[in-house]
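*Asks:* Quick one: the structure is below, questions incoming.
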Amino acid sequence: YVLPYGTEENNMYILIPNSTNHLNLENILSRKTEEIGKLSFALGEDFFGDAHFGNLAKTNNYLIAGSQETGKTNLMYSLIISLLMQNTPDDLSLAIIDSKILNYATFKVLPHLLFPIVSLDRANTVIRKLCKIKEDRIQQFSKNGIRNIESYNDKYPNQKMKHIVLFVDSIDDLVSTNKTLSESLYSITSTTRITGIHIIATCLSADKSSLSDMLKTEFDGRIAFKLPNSQQSRLAI
């Protein structure tokens, strides 16, 4: 179960263990209202049976922190499947950086994939290509006097740009081996609202030695599973 806490604009969800009822992803998504949009994903349901959703249209980038074997990969699967169930390859493109090249092998045949799934040591190629797409989109918007991807798609319905979601498994390992990647990821996340290129990433640790404060700030959605101590939990959320 999820227990919402806070205002509608700035909600925090507390996960309550559910040992009696198995939640069905398709059932939760079927209760999504049209206003939520197609960039949403199922988070769970509360004690009253009301479904709750995350929404990339409002909260652009998500950081999922947690120790090993706490459920990060299962959640990433749910997020990917949620998006696939609502979007065709003409609506949405995905990119996946898999730390073990095995966790997400199930998705390697997806027609939504913008690039083949890569491991951490080849992530630089994918991130560099996404930065190029980001720059091209900003240039196109500037040329046409348009502010963002939504305005562009409204003005040119026959030339719609697709939203792109990059899933990164173990972003802390990725940026710790190559500091320039942290700057590239920051350039993508800081312009998500304009370009429509989103990042959803997992990490084992959210402290300064793993993720810079500058990059972490751009993840406006935070999800924390069990972490080694309370300090790590506070850093994550």
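Identifiers in this document derive from the order of the structure tokens: chains are assigned A, B, ..., residues are numbered from 1 separately in each chain, and ligands are numbered from 1 in order of occurrence.
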Mind running range 184-203 of chain A against range 65-85 of chain A at 10 Å and telling me each contacting residue's nearest atom pair with the distance in Å (one decimal), counting only C-alpha atoms, chain and number ascending, as JSON lines?
*Replies:*
{"residue": "A:Ile200", "atom": "CA", "partner": "A:Met76", "partner_atom": "CA", "distance": 8.3}
{"residue": "A:Ala201", "atom": "CA", "partner": "A:Ala65", "partner_atom": "CA", "distance": 8.5}
{"residue": "A:Thr202", "atom": "CA", "partner": "A:Ala65", "partner_atom": "CA", "distance": 5.6}
{"residue": "A:Cys203", "atom": "CA", "partner": "A:Ala65", "partner_atom": "CA", "distance": 4.9}
*Asks:* Would you save the residues from that selection as a PDB file, in the first residue's frame, using N, CA and C atoms?
*Replies:*
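Wrote result_30.pdb, looks like this:
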ATOM      1  N   ILE A 200      15.027   8.305 -15.454  1.00  0.00           N
ATOM      2  CA  ILE A 200      14.638   7.588 -14.238  1.00  0.00           C
ATOM      3  C   ILE A 200      15.816   6.693 -13.873  1.00  0.00           C
ATOM      4  N   ALA A 201      16.376   6.875 -12.686  1.00  0.00           N
ATOM      5  CA  ALA A 201      17.621   6.196 -12.334  1.00  0.00           C
ATOM      6  C   ALA A 201      17.555   5.580 -10.943  1.00  0.00           C
ATOM      7  N   THR A 202      18.284   4.484 -10.769  1.00  0.00           N
ATOM      8  CA  THR A 202      18.417   3.869  -9.453  1.00  0.00           C
ATOM      9  C   THR A 202      19.823   4.141  -8.921  1.00  0.00           C
ATOM     10  N   CYS A 203      19.956   4.083  -7.598  1.00  0.00           N
ATOM     11  CA  CYS A 203      21.277   4.214  -6.988  1.00  0.00           C
ATOM     12  C   CYS A 203      21.288   3.485  -5.644  1.00  0.00           C
TER      13      CYS A 203
END
*Asks:* Name the residues in contact with Ile133 in chain A at a cut-off of 12 Å, using only C-alpha atoms, excluding same-chain residues fewer than 6 positions from it; report them as number ranges by chain.
*Replies:* A: 114, 126-127, 139-140, 161-164, 187-188, 191-192, 195-197
*Asks:* I'd like the interatomic distance between CA of Leu174 in chain A and CA of Leu63 in chain A, to a tenth of an Å.
*Replies:*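 Spanning CA of Leu174 in chain A to CA of Leu63 in chain A is a straight-line distance of 13.8 Å.
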*Asks:* Separation of CA of Leu181 in chain A and CA of Tyr62 in chain A, in Å?
*Replies:*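 So the answer is 17.4 Å.
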*Asks:* Can you list every residue in range 146-215 of chain A that DSSP puts in strand (DSSP E or B), as number ranges by chain?
*Replies:* A: 163-168, 197-203
*Asks:* Would you compute the distance between CA of Glu135 in chain A and CA of Leu215 in chain A? Give it in Å to one decimal.
*Replies:*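 Distance between the two atoms: 18.5 Å.
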*Asks:* My list of candidates is A:Leu211, A:Cys131, A:Leu43, A:Ile64. Which is closest to Asn178 in chain A when distances are computed with only C-alpha atoms?
*Replies:*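 The shortest atom-to-atom distance to Asn178 in chain A comes from A:Leu211.
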*Asks:* Using only C-alpha atoms, find the one residue out of A:Thr106, A:Ser212, A:Ser205, A:Ser190 that sits nearest to Ser233 in chain A.
*Replies:*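 Among A:Thr106, A:Ser212, A:Ser205, A:Ser190, it is A:Ser205 that comes nearest to Ser233 in chain A.
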*Asks:* For Asp173 in chain A, which residue among A:Asn60, A:Ser99, A:Gln231, A:Asn153 is the nearest when counting only C-alpha atoms?
*Replies:*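 Closest residue, counting only C-alpha atoms: A:Ser99.
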*Asks:* Rank nothing, just name the residue among A:Val165, A:Lys129, A:Lys155, A:Val118 nearest to Phe141 in chain A, using only C-alpha atoms.
*Replies:*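 Under the stated criterion, the closest residue is A:Lys155.
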*Asks:* List the spatial neighbours of Arg31 in chain A as a list in words - criterion: any atom at most 9 Å away, only C-alpha atoms, same-chain residues fewer than 4 positions off excluded.
*Replies:*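 What passes the distance filter is Glu26, Asn27, Asp50 and Ala51 of chain A.
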*Asks:* Apply DSSP to the backbone of this structure and, from range 66-99 of chain A, keep only the residues in helix (DSSP H, G or I); write these as a list of chain:residue names.
*Replies:*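 Result set for range 66-99 of chain A (helix (DSSP H, G or I)): A:Lys72, A:Thr73, A:Asn74, A:Leu75, A:Met76, A:Tyr77, A:Ser78, A:Leu79, A:Ile80, A:Ile81, A:Ser82, A:Leu83, A:Leu84, A:Met85, A:Gln86.
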*Asks:* Find the residue from A:Asn24, A:Asn144, A:Ser182, A:Ser119 that sits nearest to Gly49 in chain A; use only C-alpha atoms when measuring.
*Replies:*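 Once distances to Gly49 in chain A are computed over only C-alpha atoms, the minimum belongs to A:Asn24.
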*Asks:* Between A:Lys38, A:Lys58, A:Lys134, A:Arg193, which has the minimum distance to Arg147 in chain A (counting only C-alpha atoms)?
*Replies:*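 With only C-alpha atoms as the atom set, the closest residue is A:Arg193.
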